[in-house]
Amino acid sequence: VQLQASGGGLVKTGDSLSLSCVVSGGAFSSGVLGWFRQAPGKEREFVVAISWSDGSTFSADSGKGRFATSRDNTQNTMYLQMNNLKPEDTAVYYCSLDIPKLRALEYYSTSDRFDYWGQGTEVTVSS
């Protein structure tokens, strides 16, 4: 299984940005996808998880009201729409996958729950 994240860039405070993660190379319809981020010098942080089969989501408090994830089954792609970006959102954003989904989405709020990772896409928010 391969994951390819894209869409990062340099934006200003208050701007929006949409990240994509294309999944390929395996059967993952029963899996859970996640977005994590890692700022320089900090631990990898959970952002949001989504069930591939039914599209239900679970978000970290840091992104609630600003970040939303979705998936397109026909394109094998997961998206992260980020609105009202802040400088503290600056990080490398990673997409991840675990197969199959065996627990409630809250279980997947730590990086060790995921077996597959994309390479990351960098988001920089200037003040």
# chains A, B, ... in the order shown; residues from 1 in each chain; ligands from 1
call {"tool": "residues_around", "arguments": {"residues": "A:Leu85", "least_positions_apart": "2", "cutoff": "10 Å", "atoms": "only C-alpha atoms", "output": "ChimeraX atom specification"}}
result
/A:11-17,63,66-67,82-83,87-90,123-127
call {"tool": "write_last_selection", "arguments": {"atoms": "N, CA and C atoms", "output": "PDB file, in the first residue's frame"}}
result
ATOM      1  N   VAL A  11       1.140  29.825   3.072  1.00  0.00           N
ATOM      2  CA  VAL A  11      -0.072  30.644   3.073  1.00  0.00           C
ATOM      3  C   VAL A  11       0.017  31.658   4.204  1.00  0.00           C
ATOM      4  N   LYS A  12      -0.954  32.556   4.231  1.00  0.00           N
ATOM      5  CA  LYS A  12      -0.997  33.578   5.270  1.00  0.00           C
ATOM      6  C   LYS A  12      -2.055  33.228   6.316  1.00  0.00           C
ATOM      7  N   THR A  13      -1.926  33.819   7.460  1.00  0.00           N
ATOM      8  CA  THR A  13      -2.918  33.626   8.520  1.00  0.00           C
ATOM      9  C   THR A  13      -4.314  33.944   7.993  1.00  0.00           C
ATOM     10  N   GLY A  14      -5.244  33.032   8.271  1.00  0.00           N
ATOM     11  CA  GLY A  14      -6.611  33.203   7.825  1.00  0.00           C
ATOM     12  C   GLY A  14      -6.926  32.565   6.478  1.00  0.00           C
ATOM     13  N   ASP A  15      -5.902  32.166   5.761  1.00  0.00           N
ATOM     14  CA  ASP A  15      -6.105  31.512   4.466  1.00  0.00           C
ATOM     15  C   ASP A  15      -6.609  30.092   4.635  1.00  0.00           C
ATOM     16  N   SER A  16      -7.014  29.508   3.507  1.00  0.00           N
ATOM     17  CA  SER A  16      -7.442  28.111   3.461  1.00  0.00           C
ATOM     18  C   SER A  16      -6.496  27.314   2.582  1.00  0.00           C
ATOM     19  N   LEU A  17      -6.459  26.015   2.830  1.00  0.00           N
ATOM     20  CA  LEU A  17      -5.611  25.122   2.052  1.00  0.00           C
ATOM     21  C   LEU A  17      -6.246  23.740   2.077  1.00  0.00           C
ATOM     22  N   GLY A  63      -8.369  21.213  15.641  1.00  0.00           N
ATOM     23  CA  GLY A  63      -8.874  21.524  14.312  1.00  0.00           C
ATOM     24  C   GLY A  63     -10.382  21.640  14.203  1.00  0.00           C
ATOM     25  N   ARG A  66     -12.414  24.200  12.094  1.00  0.00           N
ATOM     26  CA  ARG A  66     -11.559  24.749  11.039  1.00  0.00           C
ATOM     27  C   ARG A  66     -11.131  23.699  10.013  1.00  0.00           C
ATOM     28  N   PHE A  67     -10.922  22.481  10.469  1.00  0.00           N
ATOM     29  CA  PHE A  67     -10.448  21.417   9.586  1.00  0.00           C
ATOM     30  C   PHE A  67     -11.566  20.409   9.361  1.00  0.00           C
ATOM     31  N   MET A  82      -8.516  22.773   5.226  1.00  0.00           N
ATOM     32  CA  MET A  82      -8.099  23.562   6.389  1.00  0.00           C
ATOM     33  C   MET A  82      -8.461  25.018   6.142  1.00  0.00           C
ATOM     34  N   ASN A  83      -9.266  25.558   7.025  1.00  0.00           N
ATOM     35  CA  ASN A  83      -9.716  26.948   6.923  1.00  0.00           C
ATOM     36  C   ASN A  83      -9.193  27.761   8.097  1.00  0.00           C
ATOM     37  N   PRO A  87      -0.593  30.474  12.409  1.00  0.00           N
ATOM     38  CA  PRO A  87       0.834  30.115  12.401  1.00  0.00           C
ATOM     39  C   PRO A  87       1.127  28.806  13.148  1.00  0.00           C
ATOM     40  N   GLU A  88       0.370  28.502  14.177  1.00  0.00           N
ATOM     41  CA  GLU A  88       0.600  27.256  14.924  1.00  0.00           C
ATOM     42  C   GLU A  88       0.173  26.011  14.158  1.00  0.00           C
ATOM     43  N   ASP A  89      -0.447  26.200  12.997  1.00  0.00           N
ATOM     44  CA  ASP A  89      -0.758  25.059  12.131  1.00  0.00           C
ATOM     45  C   ASP A  89       0.429  24.682  11.236  1.00  0.00           C
ATOM     46  N   THR A  90       1.480  25.459  11.293  1.00  0.00           N
ATOM     47  CA  THR A  90       2.679  25.166  10.507  1.00  0.00           C
ATOM     48  C   THR A  90       3.270  23.825  10.923  1.00  0.00           C
ATOM     49  N   VAL A 123       3.228  22.424   5.300  1.00  0.00           N
ATOM     50  CA  VAL A 123       2.339  23.585   5.352  1.00  0.00           C
ATOM     51  C   VAL A 123       2.995  24.649   6.226  1.00  0.00           C
ATOM     52  N   THR A 124       3.144  25.833   5.675  1.00  0.00           N
ATOM     53  CA  THR A 124       3.703  26.951   6.428  1.00  0.00           C
ATOM     54  C   THR A 124       2.710  28.099   6.418  1.00  0.00           C
ATOM     55  N   VAL A 125       2.367  28.564   7.600  1.00  0.00           N
ATOM     56  CA  VAL A 125       1.407  29.657   7.733  1.00  0.00           C
ATOM     57  C   VAL A 125       2.147  30.856   8.298  1.00  0.00           C
ATOM     58  N   SER A 126       2.213  31.903   7.524  1.00  0.00           N
ATOM     59  CA  SER A 126       2.908  33.109   7.968  1.00  0.00           C
ATOM     60  C   SER A 126       1.945  34.048   8.687  1.00  0.00           C
ATOM     61  N   SER A 127       2.484  34.796   9.620  1.00  0.00           N
ATOM     62  CA  SER A 127       1.644  35.722  10.395  1.00  0.00           C
ATOM     63  C   SER A 127       1.538  37.064   9.715  1.00  0.00           C
TER      64      SER A 127
END
call {"tool": "closest_atom_pairs", "arguments": {"of": "stretch 71-117 of chain A", "to": "stretch 41-56 of chain A", "cutoff": "8 Å", "atoms": "only C-alpha atoms", "output": "CSV"}}
result
residue,atom,partner,partner_atom,distance
A:Arg71,CA,A:Gly55,CA,7.0
A:Asn73,CA,A:Trp52,CA,7.8
A:Lys101,CA,A:Ser51,CA,7.5
A:Leu105,CA,A:Ala49,CA,6.5
A:Tyr108,CA,A:Ala49,CA,6.9
A:Ser109,CA,A:Phe46,CA,5.6
A:Thr110,CA,A:Phe46,CA,6.2
A:Ser111,CA,A:Phe46,CA,7.1
call {"tool": "write_last_selection", "arguments": {"atoms": "all heavy atoms", "output": "short mmCIF file (atom, residue, chain, number, x, y, z; two decimals), in the first residue's frame"}}
result
data_model
loop_
_atom_site.label_atom_id
_atom_site.label_comp_id
_atom_site.auth_asym_id
_atom_site.auth_seq_id
_atom_site.Cartn_x
_atom_site.Cartn_y
_atom_site.Cartn_z
N ARG A 71 -13.46 11.75 2.00
CA ARG A 71 -12.78 10.82 1.09
C ARG A 71 -13.65 10.61 -0.14
O ARG A 71 -14.87 10.71 -0.08
CB ARG A 71 -12.44 9.49 1.78
CG ARG A 71 -13.54 8.41 1.74
CD ARG A 71 -14.52 8.58 2.82
NE ARG A 71 -15.46 7.46 2.88
CZ ARG A 71 -16.71 7.54 2.47
NH1 ARG A 71 -17.16 8.66 1.90
NH2 ARG A 71 -17.52 6.50 2.58
N ASN A 73 -14.25 7.73 -2.71
CA ASN A 73 -14.00 6.31 -2.97
C ASN A 73 -13.63 6.06 -4.43
O ASN A 73 -12.84 5.17 -4.73
CB ASN A 73 -15.22 5.48 -2.61
CG ASN A 73 -15.46 5.44 -1.11
OD1 ASN A 73 -14.76 6.09 -0.35
ND2 ASN A 73 -16.45 4.69 -0.69
N LYS A 101 -10.34 -1.51 10.00
CA LYS A 101 -10.81 -0.73 11.15
C LYS A 101 -11.46 -1.70 12.13
O LYS A 101 -12.44 -2.36 11.81
CB LYS A 101 -11.83 0.32 10.69
CG LYS A 101 -12.48 1.09 11.84
CD LYS A 101 -13.47 2.10 11.30
CE LYS A 101 -14.19 2.83 12.42
NZ LYS A 101 -15.11 1.95 13.16
N LEU A 105 -13.26 5.21 16.10
CA LEU A 105 -12.28 6.12 15.53
C LEU A 105 -11.39 6.78 16.58
O LEU A 105 -10.24 7.10 16.30
CB LEU A 105 -12.97 7.19 14.69
CG LEU A 105 -13.54 6.72 13.36
CD1 LEU A 105 -14.28 7.85 12.66
CD2 LEU A 105 -12.46 6.14 12.46
N TYR A 108 -7.88 5.62 17.07
CA TYR A 108 -6.86 5.91 16.07
C TYR A 108 -6.28 7.31 16.21
O TYR A 108 -5.75 7.87 15.25
CB TYR A 108 -7.46 5.71 14.68
CG TYR A 108 -7.86 4.27 14.44
CD1 TYR A 108 -9.15 3.85 14.70
CD2 TYR A 108 -6.92 3.35 14.01
CE1 TYR A 108 -9.51 2.52 14.51
CE2 TYR A 108 -7.27 2.02 13.81
CZ TYR A 108 -8.56 1.61 14.07
OH TYR A 108 -8.92 0.30 13.89
N SER A 109 -6.34 7.87 17.40
CA SER A 109 -5.83 9.22 17.61
C SER A 109 -4.36 9.26 18.01
O SER A 109 -3.86 10.31 18.41
CB SER A 109 -6.69 9.96 18.65
OG SER A 109 -6.67 9.26 19.88
N THR A 110 -3.67 8.14 17.92
CA THR A 110 -2.23 8.12 18.13
C THR A 110 -1.55 7.47 16.94
O THR A 110 -2.11 6.56 16.31
CB THR A 110 -1.85 7.38 19.42
OG1 THR A 110 -2.34 6.04 19.35
CG2 THR A 110 -2.45 8.07 20.63
N SER A 111 -0.34 7.90 16.65
CA SER A 111 0.32 7.48 15.42
C SER A 111 0.66 5.99 15.41
O SER A 111 0.75 5.39 14.33
CB SER A 111 1.57 8.31 15.18
OG SER A 111 2.47 8.19 16.27
#
call {"tool": "residues_around", "arguments": {"residues": "A:Ala27", "least_positions_apart": "2", "cutoff": "12 Å", "atoms": "only C-alpha atoms", "output": "MDAnalysis selection string"}}
result
chainID A and resid 1:2 23:25 29:32 52:53 73 76 97:100
call {"tool": "atom_distance", "arguments": {"atom1": "atom CA of A:Phe114", "atom2": "atom CA of A:Leu10"}}
result
27.7 Å
call {"tool": "atom_distance", "arguments": {"atom1": "atom CA of A:Gly7", "atom2": "atom CA of A:Phe58"}}
result
21.7 Å
call {"tool": "closest_residue", "arguments": {"among": "A:Gln4, A:Gln38, A:Ser18, A:Ser59", "to": "A:Val92", "atoms": "only C-alpha atoms"}}
result
A:Gln38
